[in-house]
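The data block below is data14.cif; it holds mmCIF, C-alpha atoms and all ligand atoms.
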```
data_protein
#
loop_
_atom_site.label_atom_id
_atom_site.label_comp_id
_atom_site.auth_asym_id
_atom_site.auth_seq_id
_atom_site.Cartn_x
_atom_site.Cartn_y
_atom_site.Cartn_z
CA MET H 141 -41.81 -54.13 -158.58
CA SER H 142 -43.15 -50.87 -160.07
CA ALA H 143 -43.20 -50.38 -163.85
CA PRO H 144 -40.28 -48.39 -165.28
CA THR H 145 -41.09 -44.67 -165.73
CA ALA H 146 -41.24 -43.47 -169.34
CA PRO H 147 -38.54 -40.92 -170.14
CA VAL H 148 -39.49 -37.25 -170.10
CA ASN H 149 -38.62 -35.45 -173.35
CA VAL H 150 -36.59 -32.35 -172.56
CA VAL H 151 -35.81 -29.94 -175.39
CA VAL H 152 -32.87 -27.56 -175.03
CA THR H 153 -32.52 -24.91 -177.72
CA GLY H 154 -29.12 -23.31 -178.24
CA ALA H 155 -27.72 -26.58 -176.94
CA ALA H 156 -24.21 -25.94 -178.27
CA GLY H 157 -23.92 -22.58 -176.52
CA GLN H 158 -22.30 -21.84 -173.20
CA ILE H 159 -25.47 -22.15 -171.09
CA GLY H 160 -26.30 -25.35 -172.95
CA TYR H 161 -22.94 -26.78 -171.97
CA ALA H 162 -23.53 -25.95 -168.31
CA LEU H 163 -27.11 -27.23 -168.40
CA LEU H 164 -27.17 -30.51 -170.28
CA PHE H 165 -25.01 -32.54 -167.91
CA ARG H 166 -27.08 -31.48 -164.94
CA ILE H 167 -30.33 -32.40 -166.70
CA ALA H 168 -28.92 -35.78 -167.69
CA SER H 169 -27.74 -36.47 -164.14
CA GLY H 170 -31.28 -36.02 -162.79
CA GLN H 171 -31.05 -32.57 -161.26
CA LEU H 172 -33.80 -31.05 -163.42
CA LEU H 173 -36.60 -33.49 -162.66
CA GLY H 174 -35.35 -35.61 -159.79
CA PRO H 175 -33.40 -38.84 -159.29
CA ASP H 176 -36.21 -41.17 -160.37
CA THR H 177 -37.10 -39.60 -163.70
CA PRO H 178 -35.34 -40.76 -166.88
CA VAL H 179 -34.90 -38.11 -169.55
CA ARG H 180 -34.51 -38.06 -173.29
CA LEU H 181 -32.67 -34.98 -174.48
CA ARG H 182 -33.58 -33.17 -177.67
CA LEU H 183 -30.93 -30.69 -178.72
CA LEU H 184 -32.10 -27.95 -181.09
CA GLU H 185 -29.48 -25.84 -182.83
CA ILE H 186 -29.13 -23.76 -185.95
CA PRO H 187 -27.39 -25.68 -188.77
CA GLN H 188 -23.98 -24.11 -187.94
CA GLY H 189 -24.36 -25.28 -184.31
CA VAL H 190 -25.28 -28.90 -185.02
CA LYS H 191 -21.72 -30.26 -185.18
CA ALA H 192 -20.80 -28.71 -181.83
CA ALA H 193 -24.04 -30.13 -180.36
CA GLU H 194 -22.97 -33.55 -181.66
CA GLY H 195 -19.70 -33.09 -179.80
CA VAL H 196 -21.56 -32.31 -176.56
CA ALA H 197 -23.66 -35.43 -177.14
CA LEU H 198 -20.48 -37.52 -177.34
CA GLU H 199 -19.45 -36.18 -173.95
CA LEU H 200 -22.90 -36.82 -172.49
CA GLU H 201 -22.59 -40.41 -173.70
CA ASP H 202 -19.19 -40.68 -171.98
CA CYS H 203 -20.73 -39.73 -168.64
CA ALA H 204 -22.83 -42.94 -168.69
CA PHE H 205 -25.69 -41.23 -166.88
CA PRO H 206 -28.14 -43.98 -165.85
CA LEU H 207 -31.13 -41.60 -166.27
CA LEU H 208 -30.26 -40.50 -169.81
CA SER H 209 -32.30 -42.67 -172.13
CA GLY H 210 -31.28 -41.00 -175.42
CA ILE H 211 -30.20 -37.86 -177.26
CA ASP H 212 -31.63 -36.47 -180.49
CA ILE H 213 -29.99 -33.58 -182.32
CA THR H 214 -31.80 -31.49 -184.89
CA ASP H 215 -31.98 -28.09 -186.54
CA ASP H 216 -35.72 -28.46 -187.08
CA ALA H 217 -38.01 -27.03 -184.38
CA THR H 218 -40.99 -29.20 -185.37
CA THR H 219 -38.92 -32.36 -184.92
CA ALA H 220 -37.43 -31.11 -181.64
CA PHE H 221 -40.76 -30.26 -179.99
CA ASP H 222 -42.73 -33.28 -181.18
CA GLY H 223 -43.88 -34.97 -177.95
CA ALA H 224 -41.85 -32.54 -175.80
CA ASN H 225 -42.68 -32.35 -172.10
CA VAL H 226 -40.22 -29.64 -171.06
CA GLY H 227 -38.67 -26.95 -173.26
CA LEU H 228 -35.72 -24.83 -172.18
CA LEU H 229 -35.52 -22.07 -174.75
CA VAL H 230 -31.97 -20.83 -174.43
CA GLY H 231 -30.86 -20.03 -177.99
CA ALA H 232 -31.60 -16.42 -178.90
CA ARG H 233 -30.27 -13.62 -181.05
CA PRO H 234 -27.95 -11.48 -178.93
CA ARG H 235 -27.90 -7.73 -179.31
CA THR H 236 -24.98 -6.68 -181.48
CA LYS H 237 -23.39 -3.28 -182.01
CA GLY H 238 -25.69 -0.71 -183.55
CA MET H 239 -28.79 -2.87 -183.05
CA GLU H 240 -31.88 -1.02 -181.79
CA ARG H 241 -34.30 -2.65 -179.38
CA GLY H 242 -36.87 -3.02 -182.19
CA ASP H 243 -34.31 -4.87 -184.34
CA LEU H 244 -33.53 -7.19 -181.45
CA LEU H 245 -37.21 -7.97 -180.86
CA GLU H 246 -37.75 -8.57 -184.57
CA ALA H 247 -34.74 -10.92 -184.82
CA ASN H 248 -35.98 -12.86 -181.79
CA GLY H 249 -39.48 -12.94 -183.23
CA GLY H 250 -37.93 -14.90 -186.09
CA ILE H 251 -36.79 -17.52 -183.56
CA PHE H 252 -39.52 -17.66 -180.91
CA ALA H 253 -42.60 -17.45 -183.18
CA PRO H 254 -41.59 -20.56 -185.21
CA GLN H 255 -40.65 -22.37 -181.99
CA GLY H 256 -44.05 -21.42 -180.52
CA ARG H 257 -45.75 -22.83 -183.63
CA ALA H 258 -43.75 -26.05 -183.32
CA ILE H 259 -44.75 -26.35 -179.65
CA ASN H 260 -48.38 -25.76 -180.61
CA ALA H 261 -48.22 -28.40 -183.31
CA GLY H 262 -46.59 -31.26 -181.51
CA ALA H 263 -45.70 -30.81 -177.83
CA ALA H 264 -47.18 -33.13 -175.21
CA ASP H 265 -50.23 -31.95 -173.26
CA ASP H 266 -48.16 -31.31 -170.13
CA ILE H 267 -45.56 -29.14 -171.93
CA ARG H 268 -43.76 -26.62 -169.68
CA ILE H 269 -41.65 -23.91 -171.29
CA LEU H 270 -38.93 -21.83 -169.67
CA VAL H 271 -37.46 -19.06 -171.81
CA VAL H 272 -33.90 -18.12 -170.90
CA GLY H 273 -32.80 -16.39 -174.13
CA ASN H 274 -33.04 -12.62 -173.91
CA PRO H 275 -35.15 -10.54 -173.92
CA ALA H 276 -36.59 -13.51 -172.04
CA ASN H 277 -39.97 -12.15 -170.87
CA THR H 278 -40.98 -10.86 -174.28
CA ASN H 279 -39.55 -13.85 -176.14
CA ALA H 280 -41.81 -16.01 -173.96
CA LEU H 281 -44.77 -13.82 -174.91
CA ILE H 282 -43.95 -14.19 -178.61
CA ALA H 283 -43.72 -17.99 -178.30
CA SER H 284 -46.95 -18.15 -176.32
CA ALA H 285 -48.82 -16.03 -178.87
CA ALA H 286 -47.70 -18.44 -181.59
CA ALA H 287 -49.07 -21.39 -179.58
CA PRO H 288 -52.78 -20.58 -179.11
CA ASP H 289 -53.71 -24.17 -178.20
CA VAL H 290 -51.25 -24.36 -175.32
CA PRO H 291 -52.43 -22.75 -172.05
CA ALA H 292 -50.63 -19.41 -171.65
CA GLU H 293 -49.46 -20.31 -168.14
CA ARG H 294 -47.17 -22.99 -169.60
CA PHE H 295 -44.94 -20.23 -170.98
CA THR H 296 -42.61 -18.74 -168.39
CA ALA H 297 -39.39 -16.72 -168.41
CA MET H 298 -36.42 -16.87 -166.12
CA THR H 299 -35.91 -14.44 -163.25
CA ARG H 300 -34.65 -17.13 -160.89
CA LEU H 301 -31.07 -16.06 -161.55
CA ASP H 302 -31.96 -12.57 -160.36
CA HIS H 303 -33.68 -14.13 -157.33
CA ASN H 304 -30.59 -16.18 -156.48
CA ARG H 305 -28.33 -13.16 -156.98
CA ALA H 306 -30.49 -11.13 -154.58
CA LEU H 307 -30.39 -13.93 -151.96
CA ALA H 308 -26.60 -14.08 -152.19
CA GLN H 309 -26.16 -10.30 -151.90
CA LEU H 310 -28.43 -10.08 -148.87
CA ALA H 311 -26.84 -13.07 -147.15
CA GLY H 312 -23.42 -11.50 -147.69
CA LYS H 313 -24.52 -8.13 -146.33
CA LEU H 314 -26.05 -9.59 -143.17
CA SER H 315 -23.51 -12.42 -142.80
CA VAL H 316 -26.28 -15.00 -142.50
CA PRO H 317 -26.67 -18.37 -144.19
CA LEU H 318 -28.79 -18.24 -147.35
CA THR H 319 -31.27 -20.58 -145.71
CA ASP H 320 -32.17 -17.87 -143.14
CA ILE H 321 -33.69 -15.76 -145.94
CA LYS H 322 -37.28 -16.31 -147.06
CA LYS H 323 -39.94 -14.58 -149.17
CA LEU H 324 -37.69 -12.56 -151.41
CA THR H 325 -39.22 -11.36 -154.69
CA ILE H 326 -38.01 -10.15 -158.06
CA TRP H 327 -40.74 -8.13 -159.78
CA GLY H 328 -40.99 -7.21 -163.46
CA ASN H 329 -38.61 -7.69 -166.34
CA HIS H 330 -35.32 -9.62 -166.52
CA SER H 331 -33.55 -6.36 -167.29
CA ALA H 332 -31.98 -3.48 -165.42
CA THR H 333 -35.49 -2.25 -164.48
CA GLN H 334 -36.26 -5.36 -162.41
CA TYR H 335 -37.13 -4.73 -158.77
CA PRO H 336 -35.70 -6.99 -156.06
CA ASP H 337 -38.07 -6.48 -153.10
CA LEU H 338 -36.78 -6.75 -149.54
CA TYR H 339 -39.89 -5.22 -147.93
CA ASN H 340 -41.72 -8.52 -147.96
CA ALA H 341 -38.59 -10.63 -147.45
CA GLU H 342 -37.72 -12.10 -144.07
CA VAL H 343 -34.43 -12.96 -142.42
CA ASN H 344 -34.94 -15.34 -139.52
CA GLY H 345 -38.62 -14.43 -139.53
CA LYS H 346 -38.06 -10.66 -139.29
CA SER H 347 -38.38 -8.02 -142.02
CA ALA H 348 -35.29 -7.98 -144.22
CA ALA H 349 -35.74 -4.30 -145.11
CA GLU H 350 -35.60 -3.38 -141.42
CA GLN H 351 -32.25 -5.12 -141.03
CA VAL H 352 -30.45 -3.06 -143.69
CA ASP H 353 -30.17 0.67 -144.09
CA GLU H 354 -32.26 2.31 -146.76
CA ALA H 355 -29.28 3.83 -148.58
CA TRP H 356 -27.71 0.36 -149.01
CA LEU H 357 -31.02 -1.08 -150.20
CA ARG H 358 -31.63 1.75 -152.69
CA ASP H 359 -28.14 2.63 -153.91
CA GLU H 360 -26.23 -0.66 -153.65
CA PHE H 361 -28.48 -3.70 -153.38
CA ILE H 362 -31.05 -2.90 -156.08
CA PRO H 363 -28.58 -1.75 -158.79
CA ARG H 364 -26.09 -4.53 -157.91
CA VAL H 365 -28.72 -7.23 -158.45
CA ALA H 366 -30.32 -5.55 -161.48
CA LYS H 367 -26.96 -4.99 -163.19
CA ARG H 368 -25.26 -8.20 -162.12
CA GLY H 369 -25.53 -9.65 -165.63
CA ALA H 370 -23.54 -6.69 -166.98
CA GLU H 371 -21.01 -7.04 -164.12
CA ILE H 372 -20.44 -10.70 -165.02
CA ILE H 373 -19.92 -9.79 -168.68
CA GLU H 374 -17.43 -7.08 -167.66
CA VAL H 375 -15.44 -9.25 -165.27
CA ARG H 376 -15.69 -12.68 -166.93
CA GLY H 377 -15.57 -11.43 -170.49
CA ALA H 378 -18.67 -13.48 -171.30
CA SER H 379 -22.24 -13.55 -170.03
CA SER H 380 -23.26 -15.72 -167.11
CA ALA H 381 -23.55 -19.37 -168.04
CA ALA H 382 -23.21 -21.81 -165.13
CA SER H 383 -25.27 -19.58 -162.82
CA ALA H 384 -27.90 -19.16 -165.54
CA ALA H 385 -28.03 -22.92 -166.07
CA ASN H 386 -28.29 -23.41 -162.30
CA ALA H 387 -31.25 -21.03 -162.12
CA ALA H 388 -32.98 -22.81 -165.01
CA ILE H 389 -32.62 -26.08 -163.10
CA ASP H 390 -34.04 -24.45 -159.95
CA HIS H 391 -37.02 -23.01 -161.88
CA VAL H 392 -38.07 -26.24 -163.58
CA TYR H 393 -37.33 -28.44 -160.55
CA ASP H 394 -39.60 -26.30 -158.37
CA TRP H 395 -42.29 -26.03 -161.05
CA VAL H 396 -42.50 -29.81 -161.31
CA ASN H 397 -41.81 -30.79 -157.69
CA GLY H 398 -43.30 -27.84 -155.76
CA THR H 399 -41.86 -25.06 -153.60
CA PRO H 400 -41.20 -25.49 -149.88
CA GLU H 401 -43.90 -24.57 -147.33
CA GLY H 402 -43.57 -21.07 -145.89
CA ASP H 403 -41.48 -19.64 -148.71
CA TRP H 404 -41.77 -18.57 -152.33
CA VAL H 405 -39.53 -17.99 -155.34
CA SER H 406 -39.56 -15.61 -158.32
CA ALA H 407 -40.60 -16.52 -161.84
CA ALA H 408 -41.89 -14.56 -164.80
CA ILE H 409 -45.37 -15.86 -165.60
CA PRO H 410 -48.35 -14.40 -167.49
CA SER H 411 -49.94 -11.65 -165.41
CA ASP H 412 -53.58 -12.08 -164.37
CA GLY H 413 -53.62 -8.40 -163.36
CA SER H 414 -52.44 -9.08 -159.78
CA TYR H 415 -50.65 -6.19 -158.09
CA GLY H 416 -51.72 -3.85 -160.90
CA VAL H 417 -49.38 -5.60 -163.37
CA ALA H 418 -50.80 -5.27 -166.90
CA GLU H 419 -52.72 -8.43 -167.72
CA GLY H 420 -51.11 -10.76 -170.27
CA ILE H 421 -47.50 -9.59 -170.04
CA ILE H 422 -44.99 -12.13 -168.73
CA SER H 423 -43.71 -10.46 -165.60
CA SER H 424 -41.83 -11.68 -162.56
CA PHE H 425 -43.91 -12.26 -159.41
CA PRO H 426 -43.59 -13.95 -156.04
CA VAL H 427 -44.79 -17.47 -156.82
CA THR H 428 -45.31 -20.86 -155.28
CA SER H 429 -45.69 -24.06 -157.23
CA VAL H 430 -48.61 -26.23 -156.21
CA ASN H 431 -49.56 -29.45 -158.02
CA GLY H 432 -47.27 -28.54 -160.90
CA GLU H 433 -48.67 -25.05 -161.44
CA TRP H 434 -47.24 -21.64 -160.59
CA LYS H 435 -49.50 -19.51 -158.37
CA ILE H 436 -48.93 -15.83 -157.64
CA VAL H 437 -48.61 -15.14 -153.90
CA GLU H 438 -51.47 -12.72 -153.26
CA GLY H 439 -52.10 -10.13 -150.58
CA LEU H 440 -48.59 -8.73 -150.09
CA GLU H 441 -48.20 -5.13 -149.11
CA VAL H 442 -46.70 -2.94 -151.82
CA ASN H 443 -45.38 0.31 -150.35
CA GLU H 444 -44.85 3.50 -152.33
CA PHE H 445 -41.16 2.78 -152.91
CA SER H 446 -41.94 -0.67 -154.32
CA ARG H 447 -44.95 0.58 -156.32
CA GLU H 448 -42.83 3.06 -158.25
CA ARG H 449 -40.24 0.45 -159.16
CA ILE H 450 -42.70 -2.29 -160.08
CA ASP H 451 -44.59 0.19 -162.27
CA ALA H 452 -41.38 1.22 -164.07
CA SER H 453 -40.42 -2.36 -164.91
CA VAL H 454 -43.99 -3.22 -165.96
CA ALA H 455 -44.03 -0.11 -168.19
CA GLU H 456 -40.93 -1.44 -169.95
CA LEU H 457 -42.63 -4.81 -170.53
CA VAL H 458 -45.75 -3.10 -171.86
CA GLU H 459 -43.54 -1.10 -174.25
CA GLU H 460 -41.85 -4.32 -175.42
CA ARG H 461 -45.28 -5.86 -175.98
CA GLU H 462 -46.34 -2.83 -178.04
CA ALA H 463 -43.16 -3.07 -180.13
CA VAL H 464 -43.75 -6.76 -180.78
CA LYS H 465 -47.41 -6.09 -181.63
CA ALA H 466 -46.33 -3.46 -184.14
CA LEU H 467 -44.12 -6.10 -185.76
CA GLY H 468 -47.19 -8.34 -186.16
CA LEU H 469 -45.83 -10.95 -183.75
CA LEU H 470 -48.81 -10.87 -181.36
P1 LIG X 501 -24.35 -18.61 -176.67
O1 LIG X 501 -24.18 -17.62 -177.78
O2 LIG X 501 -23.16 -19.25 -176.04
O3 LIG X 501 -25.27 -19.81 -177.19
C1 LIG X 501 -26.46 -19.59 -177.87
C2 LIG X 501 -26.67 -20.78 -178.78
O4 LIG X 501 -27.96 -20.64 -179.36
C3 LIG X 501 -25.66 -20.86 -179.95
O5 LIG X 501 -25.06 -22.14 -179.96
C4 LIG X 501 -26.53 -20.60 -181.19
O6 LIG X 501 -26.08 -21.35 -182.31
C5 LIG X 501 -27.89 -21.10 -180.70
N1 LIG X 501 -29.05 -20.57 -181.42
C6 LIG X 501 -29.23 -19.34 -181.94
N2 LIG X 501 -30.39 -19.26 -182.56
C7 LIG X 501 -31.00 -20.47 -182.41
C8 LIG X 501 -32.22 -21.01 -182.86
N3 LIG X 501 -33.06 -20.31 -183.59
N4 LIG X 501 -32.50 -22.28 -182.52
C9 LIG X 501 -31.65 -23.02 -181.81
N5 LIG X 501 -30.45 -22.57 -181.36
C10 LIG X 501 -30.14 -21.30 -181.67
O7 LIG X 501 -25.28 -17.90 -175.61
P2 LIG X 501 -25.50 -18.30 -174.08
O8 LIG X 501 -24.45 -17.67 -173.25
O9 LIG X 501 -25.73 -19.76 -173.98
O10 LIG X 501 -26.83 -17.47 -173.76
C11 LIG X 501 -28.05 -17.78 -174.38
C12 LIG X 501 -29.10 -16.74 -174.07
O11 LIG X 501 -29.39 -16.70 -172.69
C13 LIG X 501 -28.71 -15.30 -174.43
O12 LIG X 501 -29.83 -14.67 -175.01
C14 LIG X 501 -28.40 -14.67 -173.07
O13 LIG X 501 -28.57 -13.27 -173.09
C15 LIG X 501 -29.46 -15.34 -172.24
N6 LIG X 501 -29.27 -15.30 -170.78
C16 LIG X 501 -30.39 -15.16 -170.02
C17 LIG X 501 -30.29 -15.15 -168.64
C18 LIG X 501 -31.50 -14.99 -167.76
O14 LIG X 501 -31.34 -14.88 -166.54
N7 LIG X 501 -32.74 -14.99 -168.27
C19 LIG X 501 -29.02 -15.29 -168.04
C20 LIG X 501 -27.91 -15.46 -168.84
C21 LIG X 501 -28.03 -15.46 -170.23
C1 LIG X 502 -27.67 -12.15 -167.10
O1 LIG X 502 -28.56 -11.70 -166.35
O2 LIG X 502 -26.61 -12.64 -166.68
C2 LIG X 502 -27.88 -12.08 -168.60
O3 LIG X 502 -29.23 -11.85 -168.90
C3 LIG X 502 -27.01 -11.04 -169.19
C4 LIG X 502 -27.05 -11.01 -170.69
O4 LIG X 502 -27.21 -9.88 -171.22
O5 LIG X 502 -26.93 -12.06 -171.34
#
```

Show me the file's structure as structure tokens.
Ligand code: NAD
Ligand code: LMR
Amino acid sequence: MSAPTAPVNVVVTGAAGQIGYALLFRIASGQLLGPDTPVRLRLLEIPQGVKAAEGVALELEDCAFPLLSGIDITDDATTAFDGANVGLLVGARPRTKGMERGDLLEANGGIFAPQGRAINAGAADDIRILVVGNPANTNALIASAAAPDVPAERFTAMTRLDHNRALAQLAGKLSVPLTDIKKLTIWGNHSATQYPDLYNAEVNGKSAAEQVDEAWLRDEFIPRVAKRGAEIIEVRGASSAASAANAAIDHVYDWVNGTPEGDWVSAAIPSDGSYGVAEGIISSFPVTSVNGEWKIVEGLEVNEFSRERIDASVAELVEEREAVKALGLL
């Protein structure tokens, strides 16, 4: 008989929020790390959110998940990240009326810099961080800068929801099963400047771009995917939650367990300068996961149409980095 596996400590920040509610039950049921890995949940909330997090913990208990070995609830980041193996950084300061981008970045700096310091101080050596809270790419950069002893590549931001949205839109347009689509990429920022790339994507082994007309690609597909978050807010009256939680599960599952042969996914990871993306920013790339590490898929052709759009999204990320630098957060 093999020895029982030690539980993996998974921190979820903003645990009492709507994404938290859609995420925690799936983590506890084994969908984040696989059916053989027990988890211990650490729920981090602000003091006003702790009672609601306690309520969610009661429900988690009532599910009697065999893989859930315990739940800790705290409003202290240092306690939450002590010994953490996986961190899902969901809680963030949303933009409110009259707030400028600089104000938003500053408010989030007040959340992600202390969390980065807590990760630096106490997280386990194999810590993997996924930032979901917006502006996700730059929040991940802030946290990483505050954690100089943790390898930068352990800090990632979520563009998997954009990736999944793009897959669904293309499958709908071509009336094909999702599984026929491979090698789709989201480049850049998780914002309206992101670029969903069909030029390198394949449907049944043939170029996706060649199977759709250019006007649809340019005027419908790209804006639909890039503005889907706003569409959900408009129609649902609240921002995406279950689909965001689903994408977070996909991201971490693939990071830990690897991506399938012959395909790739999208994730925002620190740029090494590949594809002319400014080094150091956390930008979305085509990636595979090999032995628990994200690797950028190299050697893809970037045509003029794609170049322009990737450059625009990267320019936005560079601007965000400059703004955060000016605030003394980097
Ligand atoms: P929500 O308002 O329902 O929940 C956020 C929770 O975070 C709240 O319970 C709040 O108390 C908590 N929180 C705030 N500051 C915190 C801190 N410092 N430490 C711990 N907890 C803190 O929001 P939501 O719908 O769950 O969304 C969360 C974030 O995810 C938002 O920033 C949203 O824009 C973002 N989001 C990102 C994507 C993506 O694809 N990257 C998709 C959807 C939503
Ligand atoms: C999304 O893509 O659904 C979210 O990032 C939207 C938002 O602003 O919270």

Please provide as a list of chain:residue names all residues within 10 Å of H:Ala348, with the sequence filter that same-chain residues fewer than 6 positions apart are discarded (counting all atoms listed in the file).
H:Leu310, H:Leu314, H:Ile321, H:Lys322, H:Lys323, H:Leu324, H:Asp337, H:Leu338, H:Tyr339, H:Asn340, H:Ala341, H:Glu342

Rows by chain and residue number, chain H within 8 Å of ligand LIG 501 (chain X), shortest pair, all atoms listed in the file, as a tab-separated table:
```
residue	atom	partner	partner_atom	distance
H:Thr153	CA	X:LIG501	C9	4.6
H:Gly154	CA	X:LIG501	O4	3.1
H:Ala155	CA	X:LIG501	O5	6.0
H:Ala156	CA	X:LIG501	O5	4.2
H:Gly157	CA	X:LIG501	O3	3.2
H:Gln158	CA	X:LIG501	O2	3.9
H:Ile159	CA	X:LIG501	O9	3.8
H:Gly160	CA	X:LIG501	O9	5.7
H:Tyr161	CA	X:LIG501	O9	7.8
H:Leu184	CA	X:LIG501	C9	5.0
H:Glu185	CA	X:LIG501	C9	3.7
H:Ile186	CA	X:LIG501	C9	4.9
H:Pro187	CA	X:LIG501	O6	7.9
H:Gln188	CA	X:LIG501	O6	6.6
H:Gly189	CA	X:LIG501	O6	4.7
H:Asp215	CA	X:LIG501	C9	6.9
H:Ala217	CA	X:LIG501	N4	7.5
H:Val230	CA	X:LIG501	C11	5.0
H:Gly231	CA	X:LIG501	O4	3.3
H:Ala232	CA	X:LIG501	O12	4.6
H:Arg233	CA	X:LIG501	N2	5.8
H:Pro234	CA	X:LIG501	O12	5.4
H:Gly250	CA	X:LIG501	N3	7.7
H:Ile251	CA	X:LIG501	N3	4.7
H:Phe252	CA	X:LIG501	N3	7.5
H:Val271	CA	X:LIG501	N7	7.2
H:Val272	CA	X:LIG501	N7	4.2
H:Gly273	CA	X:LIG501	O12	3.5
H:Asn274	CA	X:LIG501	O12	4.0
H:Pro275	CA	X:LIG501	O12	6.8
H:Ala276	CA	X:LIG501	N7	5.6
H:Ala297	CA	X:LIG501	N7	6.9
H:Met298	CA	X:LIG501	N7	4.7
H:Thr299	CA	X:LIG501	O14	5.6
H:Arg300	CA	X:LIG501	O14	6.9
H:Leu301	CA	X:LIG501	O14	5.1
H:Asp302	CA	X:LIG501	O14	6.6
H:His330	CA	X:LIG501	N7	6.2
H:Gly369	CA	X:LIG501	C20	7.1
H:Ala378	CA	X:LIG501	O8	7.4
H:Ser379	CA	X:LIG501	O8	5.7
H:Ser380	CA	X:LIG501	C20	5.0
H:Ala381	CA	X:LIG501	O8	5.6
H:Ser383	CA	X:LIG501	C19	7.7
H:Ala384	CA	X:LIG501	C19	4.7
H:Ala385	CA	X:LIG501	C19	7.9
H:Ala387	CA	X:LIG501	O14	7.6
```

Shell around H:Ala463 at 8 Å using all atoms listed in the file, local window under 4 positions removed, as a list in words:
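Answer for this query is Gly242, Leu245, Glu459 and Leu467 of chain H.
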
Would you work out the distance separating atom CA of H:Thr218 from atom CA of H:His391, expressed in Å to one decimal?
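So the two atoms, atom CA of H:Thr218 and atom CA of H:His391, lie 24.6 Å apart.
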
Would you give the centre and edge lengths, in Å to one decimal, of a box along x, y and z around the listed atoms of ligand LIG 502 (chain X), with 5 Å added to each side, as JSON?
```
{"center_x": -27.9, "center_y": -11.3, "center_z": -168.8, "size_x": 12.6, "size_y": 12.8, "size_z": 15.0}
```

Near H:Trp434, within 7 Å and counting all atoms listed in the file, which residues show up once chain neighbours fewer than 6 positions away are dropped, as a list in words?
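Contacts, with the query itself left out: Trp395, Val427 and Thr428 of chain H.
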
Using all atoms listed in the file: which of H:Arg461, H:Arg166, H:Arg235, H:Arg180 has the shortest distance to ligand LIG 502 (chain X):
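With all atoms listed in the file as the atom set, the closest residue is H:Arg235.
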
Just checking: using all atoms listed in the file, which residue out of H:Arg449, H:Val405, H:Thr399, H:Asn344 ends up closest to H:Ser429?
H:Thr399

Distance atom CA of H:Asp320-atom CA of H:Gly345, one decimal place?
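Separation of atom CA of H:Asp320 and atom CA of H:Gly345: 8.2 Å.
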
Considering all atoms listed in the file, state which residue in the set H:Ile213, H:Gly262, H:Pro178, H:Thr325 is at the smallest distance from H:Lys191.
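Closest to H:Lys191 of all the choices is H:Ile213.
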
Nearest residue to H:Glu201 out of H:Tyr415, H:Trp327, H:Phe295, H:Phe165, using all atoms listed in the file?
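Closest candidate: H:Phe165.
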
Under the rule that all atoms listed in the file are counted, which of H:Ile373, H:Val365, H:Val226, H:Ala193 is the nearest residue to H:Arg294?
H:Val226
